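Asks: Here it is, the structure in full.
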Amino acid sequence: MINLLAGEMPHRFTCSAAGCTAEATVALRWQNPKIHRGDRYKTWLSCGIHRDSLYSFLADRNFAISVIGVDEL
Ligand SMILES: [Zn+2]
């Protein structure tokens, strides 16, 4: 992906991290057991760079997390 074209060609999936406009390569599906029931979950998209920090943010809160590729969405 050529950077100059990023503004004209939006990614199909963009990273959810604040201020990041990189293309997302993975999706973190997470559940807060206190507010989400059954198969309700939230999905955060992430580029390769933010994957670990987003995961840690959720893991620190003891949320249930699964990581899948964006092609599985
Ligand atoms: Zn990112």
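Labeling convention for the structure tokens: chains A, B, ... as they appear, residues from 1 per chain, ligands from 1 in order of appearance.
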Give me the residues within 9 Å of Asp71 of chain A as a ChimeraX atom specification, counting only C-alpha atoms and dropping any in the same chain fewer than 2 places off.
Replies: /A:25-26,68-69,73
Asks: Could you dump the residues just selected with all heavy atoms as a short mmCIF file (atom, residue, chain, number, x, y, z; two decimals), in the first residue's frame?
Replies:
```
data_model
loop_
_atom_site.label_atom_id
_atom_site.label_comp_id
_atom_site.auth_asym_id
_atom_site.auth_seq_id
_atom_site.Cartn_x
_atom_site.Cartn_y
_atom_site.Cartn_z
N THR A 25 -5.33 -5.42 10.31
CA THR A 25 -5.06 -6.78 9.85
C THR A 25 -5.70 -7.83 10.74
O THR A 25 -5.87 -8.97 10.34
CB THR A 25 -3.54 -7.05 9.80
OG1 THR A 25 -2.98 -6.76 11.06
CG2 THR A 25 -2.89 -6.18 8.74
N VAL A 26 -6.03 -7.43 11.96
CA VAL A 26 -6.69 -8.36 12.88
C VAL A 26 -7.87 -7.68 13.55
O VAL A 26 -7.97 -6.45 13.59
CB VAL A 26 -5.74 -8.88 13.99
CG1 VAL A 26 -4.61 -9.71 13.40
CG2 VAL A 26 -5.22 -7.75 14.84
N ILE A 68 -8.98 -12.55 15.71
CA ILE A 68 -9.21 -13.20 14.42
C ILE A 68 -8.70 -12.30 13.30
O ILE A 68 -8.50 -11.10 13.50
CB ILE A 68 -10.72 -13.50 14.19
CG1 ILE A 68 -11.52 -12.20 14.21
CG2 ILE A 68 -11.23 -14.48 15.24
CD1 ILE A 68 -12.97 -12.41 13.84
N GLY A 69 -8.47 -12.86 12.16
CA GLY A 69 -8.06 -12.06 11.02
C GLY A 69 -9.25 -11.29 10.46
O GLY A 69 -10.39 -11.72 10.58
N LEU A 73 -14.03 -11.75 9.35
CA LEU A 73 -15.18 -10.97 9.81
C LEU A 73 -16.38 -11.17 8.90
O LEU A 73 -16.22 -11.38 7.71
CB LEU A 73 -14.81 -9.48 9.86
CG LEU A 73 -13.86 -9.07 10.97
CD1 LEU A 73 -13.43 -7.63 10.78
CD2 LEU A 73 -14.52 -9.24 12.34
#
```
Asks: Find the residues near ligand 1. Use a cut-off of 8 Å, count only C-alpha atoms and all ligand atoms, and write them as a list in words.
Replies: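 Residues satisfying the distance criterion: Thr14, Cys15, Ser16, Ala17, Ala18, Gly19, Cys20, Thr21, Ala22, Glu23, Ala24, Ser46, Cys47, Gly48, Ile49, His50 and Arg51 of chain A.
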Asks: Measuring between only C-alpha atoms, which one of A:His11, A:Asp39, A:Asn32, A:Glu72 shows the shortest distance to Asp60 of chain A?
Replies: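 For Asp60 of chain A, the nearest of the given residues is A:Asn32.
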Asks: What parts of chain A does DSSP call alpha helix (DSSP H)? I'd like the answer as a ChimeraX atom specification.
Replies: /A:51-60
Asks: Could you turn the residues from that selection into a file that holds all heavy atoms, as an mmCIF file, in the first residue's frame?
Replies:
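Result file again_24.cif:
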```
data_model
loop_
_atom_site.group_PDB
_atom_site.id
_atom_site.type_symbol
_atom_site.label_atom_id
_atom_site.label_comp_id
_atom_site.auth_asym_id
_atom_site.auth_seq_id
_atom_site.Cartn_x
_atom_site.Cartn_y
_atom_site.Cartn_z
ATOM 1 N N ARG A 51 -1.828 -4.015 17.828
ATOM 2 C CA ARG A 51 -2.451 -5.260 18.275
ATOM 3 C C ARG A 51 -2.121 -5.586 19.733
ATOM 4 O O ARG A 51 -3.004 -5.864 20.538
ATOM 5 C CB ARG A 51 -1.978 -6.382 17.364
ATOM 6 C CG ARG A 51 -2.396 -7.745 17.816
ATOM 7 C CD ARG A 51 -1.804 -8.786 16.898
ATOM 8 N NE ARG A 51 -2.072 -10.113 17.390
ATOM 9 C CZ ARG A 51 -2.119 -11.189 16.619
ATOM 10 N NH1 ARG A 51 -1.908 -11.073 15.338
ATOM 11 N NH2 ARG A 51 -2.367 -12.362 17.129
ATOM 12 N N ASP A 52 -0.841 -5.512 20.077
ATOM 13 C CA ASP A 52 -0.436 -5.907 21.426
ATOM 14 C C ASP A 52 -0.955 -4.948 22.491
ATOM 15 O O ASP A 52 -1.370 -5.371 23.570
ATOM 16 C CB ASP A 52 1.085 -6.005 21.521
ATOM 17 C CG ASP A 52 1.624 -7.212 20.762
ATOM 18 O OD1 ASP A 52 0.813 -8.081 20.380
ATOM 19 O OD2 ASP A 52 2.845 -7.270 20.548
ATOM 20 N N SER A 53 -0.922 -3.617 22.197
ATOM 21 C CA SER A 53 -1.368 -2.665 23.215
ATOM 22 C C SER A 53 -2.873 -2.741 23.411
ATOM 23 O O SER A 53 -3.370 -2.632 24.537
ATOM 24 C CB SER A 53 -0.921 -1.242 22.868
ATOM 25 O OG SER A 53 -1.351 -0.867 21.586
ATOM 26 N N LEU A 54 -3.622 -2.934 22.325
ATOM 27 C CA LEU A 54 -5.071 -3.074 22.477
ATOM 28 C C LEU A 54 -5.404 -4.352 23.234
ATOM 29 O O LEU A 54 -6.266 -4.379 24.113
ATOM 30 C CB LEU A 54 -5.748 -3.094 21.094
ATOM 31 C CG LEU A 54 -5.752 -1.765 20.331
ATOM 32 C CD1 LEU A 54 -6.320 -1.962 18.932
ATOM 33 C CD2 LEU A 54 -6.555 -0.711 21.074
ATOM 34 N N TYR A 55 -4.670 -5.403 22.917
ATOM 35 C CA TYR A 55 -4.907 -6.676 23.599
ATOM 36 C C TYR A 55 -4.629 -6.538 25.099
ATOM 37 O O TYR A 55 -5.409 -6.978 25.936
ATOM 38 C CB TYR A 55 -4.026 -7.777 22.989
ATOM 39 C CG TYR A 55 -4.393 -9.160 23.466
ATOM 40 C CD1 TYR A 55 -5.234 -9.965 22.707
ATOM 41 C CD2 TYR A 55 -3.914 -9.646 24.681
ATOM 42 C CE1 TYR A 55 -5.589 -11.227 23.145
ATOM 43 C CE2 TYR A 55 -4.262 -10.902 25.125
ATOM 44 C CZ TYR A 55 -5.097 -11.695 24.355
ATOM 45 O OH TYR A 55 -5.450 -12.934 24.804
ATOM 46 N N SER A 56 -3.506 -5.880 25.427
ATOM 47 C CA SER A 56 -3.132 -5.708 26.830
ATOM 48 C C SER A 56 -4.174 -4.891 27.581
ATOM 49 O O SER A 56 -4.502 -5.176 28.731
ATOM 50 C CB SER A 56 -1.775 -5.011 26.941
ATOM 51 O OG SER A 56 -0.776 -5.797 26.367
ATOM 52 N N PHE A 57 -4.688 -3.850 26.912
ATOM 53 C CA PHE A 57 -5.711 -3.000 27.520
ATOM 54 C C PHE A 57 -6.903 -3.843 27.953
ATOM 55 O O PHE A 57 -7.433 -3.705 29.057
ATOM 56 C CB PHE A 57 -6.144 -1.946 26.497
ATOM 57 C CG PHE A 57 -7.196 -0.994 26.999
ATOM 58 C CD1 PHE A 57 -6.839 0.186 27.630
ATOM 59 C CD2 PHE A 57 -8.547 -1.277 26.828
ATOM 60 C CE1 PHE A 57 -7.817 1.070 28.091
ATOM 61 C CE2 PHE A 57 -9.528 -0.399 27.291
ATOM 62 C CZ PHE A 57 -9.150 0.769 27.921
ATOM 63 N N LEU A 58 -7.326 -4.742 27.075
ATOM 64 C CA LEU A 58 -8.485 -5.586 27.366
ATOM 65 C C LEU A 58 -8.132 -6.676 28.378
ATOM 66 O O LEU A 58 -8.901 -6.959 29.299
ATOM 67 C CB LEU A 58 -8.999 -6.220 26.073
ATOM 68 C CG LEU A 58 -9.504 -5.227 25.019
ATOM 69 C CD1 LEU A 58 -9.705 -5.934 23.689
ATOM 70 C CD2 LEU A 58 -10.780 -4.562 25.482
ATOM 71 N N ALA A 59 -6.952 -7.254 28.211
ATOM 72 C CA ALA A 59 -6.543 -8.346 29.098
ATOM 73 C C ALA A 59 -6.399 -7.850 30.531
ATOM 74 O O ALA A 59 -6.731 -8.562 31.481
ATOM 75 C CB ALA A 59 -5.233 -8.962 28.611
ATOM 76 N N ASP A 60 -5.917 -6.616 30.704
ATOM 77 C CA ASP A 60 -5.760 -6.044 32.039
ATOM 78 C C ASP A 60 -7.092 -5.943 32.768
ATOM 79 O O ASP A 60 -7.143 -5.874 33.990
ATOM 80 C CB ASP A 60 -5.145 -4.639 31.949
ATOM 81 C CG ASP A 60 -3.655 -4.679 31.641
ATOM 82 O OD1 ASP A 60 -3.076 -5.776 31.671
ATOM 83 O OD2 ASP A 60 -3.095 -3.611 31.357
#
```
Asks: Quick one: pull the distance between atom CA of Arg40 of chain A and atom CA of Arg12 of chain A, Å, one decimal.
Replies: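 Calculated distance between atom CA of Arg40 of chain A and atom CA of Arg12 of chain A is 23.3 Å.
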